[in-house]
Every structure is written in C-alpha cells, then in structure tokens.
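A.B. asks: If you scroll down you'll find the structure; I have some questions about it.
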Amino acid sequence: MLGGMFMKRLFTMLFSIAFVGLMVACGDVNQGSQNDDGIVYEEEGVAQQEEQDATETMNSSDSDDQSYMKSKMEELDFYEIEIEVSYGKDKEYEVEIEQDKDRPIKAELEDELNNEFSKGREAFDVIYPKAERLSLSSDTPEQEVIDQVLQAFELPSGYTKLEIEIKFKDGTEIDLKK
C-alpha cells in the first residue's frame, strides 16, 4: 500500500514538473522564436518597428513628392488639367493633375495606346513636361486648344471623342468636349 501511494505521488510530481517545463519552454510567442540556426528573433517588436519605419518613409516620400509637384505647378498658368481622348474601342488616353484647395495633388495617367498606367509622382513626371509645353488661356480658340494638346501630348488626330478641362489660376477655365 505504501509503495502504491509513493508511486502515485511520484507520478503526480513528475507530471507537474513536465507540465511546468513544457509551459516555460513554449513561452509567450510574442517574445520571439528560434530558427534552425539557434538564433532568437524578436518577432513582434521587429515587425512593428519595420512597419513604423515603412510608414514614416512613405509619409516622408509623399510629403517630398507633394512639395515637388506643388512647386512645379506654381510655374504654370493653370492649376488643374484633365484630358480624355478616345480612339475607338478600348483605346483611350487619359491624364489628370488635380489640385484641390488644402488637398494633396493627384496625378494619374492611363495611356491605353502605349499601355502605360501610373499615379502620383510617377504620373506627374510624365504629364508635367507635356503640360508645360501648352501656351493656352481661356480665350484661346477651340481648334488651337485641340492642336496644342494633341501636339504636346504626342497624340494622333484621329480621335472619336475628346474632352479637355483646364482650370486657370485667374479663375477662368477651358471646358471643351468634342
């Protein structure tokens, strides 16, 4: 009888030690993990820091891009431009630089003729040099507006639909639909 009781206690104690050892060995997964090389990595802290660094870099880059685009747009007589040209089925050319008051500048390029699509600074860097070639005002004759836009943006004249909207700093605008 005494031997059976001893065995029960011994078994319970060994089981408890094994259980506690297992709990300590597994630990909290947020404290890190060990790879095959035996190196312990702090997963949660590293992931959070990497995410924070990426966000800060993106915000800094966005801010720099906005400053750059804003300064370049100040060189032009207009603050907004939108051009949409259709050449039949599934062939369109669309560019836009939108600058609403107290909002970030938005630039977008959708060129199905050359299969080029971009947004943000990348689109701006394609659109701006072409927009810079325009010498227009709200008094410019319609056909001259069309000719300048097609030439500046290197577009063919055989379009089926054309929309040009340009908003000038003096409050006037061109709003042309063909």
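Each chain in the structure tokens gets a letter, A, B and so on, in the order shown; residues start at 1 in every chain, and ligands are counted from 1 in the order they appear.
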Which residues come within 8 Å of range 130-144 of chain A, counting only C-alpha atoms, excluding same-chain residues fewer than 4 positions away, as a list in words?
C.D. replies: Leu76, Val126, Gln148, Val149, Ala152, Phe153, Phe168, Thr172, Glu173, Ile174 and Leu176 of chain A
A.B. asks: Save out the residues we just selected, C-alpha atoms, as a PDB file, in the first residue's frame.
C.D. replies:
```pdb
ATOM      1  CA  LEU A  76       2.223  77.097 -64.854  1.00  0.00           C
ATOM      2  CA  VAL A 126       5.246  62.073 -67.366  1.00  0.00           C
ATOM      3  CA  GLN A 148      -1.719  72.257 -78.892  1.00  0.00           C
ATOM      4  CA  VAL A 149      -2.959  69.441 -76.642  1.00  0.00           C
ATOM      5  CA  ALA A 152       2.129  68.496 -76.583  1.00  0.00           C
ATOM      6  CA  PHE A 153       0.885  65.066 -75.523  1.00  0.00           C
ATOM      7  CA  PHE A 168      -6.527  78.638 -64.723  1.00  0.00           C
ATOM      8  CA  THR A 172     -11.202  81.059 -65.850  1.00  0.00           C
ATOM      9  CA  GLU A 173     -11.246  77.669 -67.493  1.00  0.00           C
ATOM     10  CA  ILE A 174     -11.366  75.730 -70.741  1.00  0.00           C
ATOM     11  CA  LEU A 176     -14.096  71.512 -74.283  1.00  0.00           C
TER      12      LEU A 176
END
```
A.B. asks: Find the residues near range 88-100 of chain A: any atom within 12 Å, counting only C-alpha atoms, skip ones fewer than 5 places away on the same chain, and give them as a count of residues only.
C.D. replies: 56
A.B. asks: Which residue out of A:Gln151, A:Ser157, A:Asp175, A:Lys101 has the minimum interatomic distance to Val85 in chain A when only C-alpha atoms are used?
C.D. replies: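 That would be A:Ser157, the residue with the smallest distance to Val85 in chain A.
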A.B. asks: Would you please give, as an mmCIF file with C-alpha atoms, in the first residue's frame, all residues of range 41-171 of chain A that DSSP assigns to strand (DSSP E) based on the backbone?
C.D. replies:
```cif
data_model
loop_
_atom_site.group_PDB
_atom_site.id
_atom_site.type_symbol
_atom_site.label_atom_id
_atom_site.label_comp_id
_atom_site.auth_asym_id
_atom_site.auth_seq_id
_atom_site.Cartn_x
_atom_site.Cartn_y
_atom_site.Cartn_z
ATOM 1 C CA TYR A 41 14.339 36.741 -33.176
ATOM 2 C CA PHE A 78 -3.173 76.712 -64.661
ATOM 3 C CA TYR A 79 -3.575 74.599 -61.538
ATOM 4 C CA GLU A 80 -5.591 71.697 -62.906
ATOM 5 C CA ILE A 81 -5.692 69.787 -66.187
ATOM 6 C CA GLU A 82 -7.732 66.823 -67.369
ATOM 7 C CA ILE A 83 -7.562 65.356 -70.856
ATOM 8 C CA GLU A 84 -9.538 62.368 -72.154
ATOM 9 C CA VAL A 85 -9.116 61.238 -75.754
ATOM 10 C CA SER A 86 -10.828 58.146 -77.211
ATOM 11 C CA GLU A 92 -8.162 55.810 -74.613
ATOM 12 C CA TYR A 93 -5.641 58.302 -73.368
ATOM 13 C CA GLU A 94 -6.407 60.000 -70.056
ATOM 14 C CA VAL A 95 -4.235 62.327 -67.986
ATOM 15 C CA GLU A 96 -5.122 64.358 -64.944
ATOM 16 C CA ILE A 97 -3.410 66.639 -62.492
ATOM 17 C CA GLU A 98 -5.920 67.662 -59.846
ATOM 18 C CA LYS A 106 -3.414 63.969 -57.505
ATOM 19 C CA ALA A 107 -1.810 62.904 -60.789
ATOM 20 C CA GLU A 108 -2.960 59.989 -62.911
ATOM 21 C CA LEU A 109 -2.000 58.627 -66.328
ATOM 22 C CA GLU A 110 -3.981 55.967 -68.208
ATOM 23 C CA ASP A 111 -2.466 55.514 -71.653
ATOM 24 C CA GLU A 116 1.253 52.897 -69.625
ATOM 25 C CA PHE A 117 -0.556 53.398 -66.326
ATOM 26 C CA SER A 118 0.701 55.336 -63.326
ATOM 27 C CA LYS A 119 -0.346 57.507 -60.408
ATOM 28 C CA LYS A 161 -14.093 61.646 -78.596
ATOM 29 C CA LEU A 162 -12.137 64.449 -76.926
ATOM 30 C CA GLU A 163 -12.544 66.206 -73.567
ATOM 31 C CA ILE A 164 -10.197 68.899 -72.278
ATOM 32 C CA GLU A 165 -10.659 70.693 -68.985
ATOM 33 C CA ILE A 166 -8.088 73.209 -67.786
ATOM 34 C CA LYS A 167 -8.595 75.469 -64.751
ATOM 35 C CA PHE A 168 -6.527 78.638 -64.723
#
```
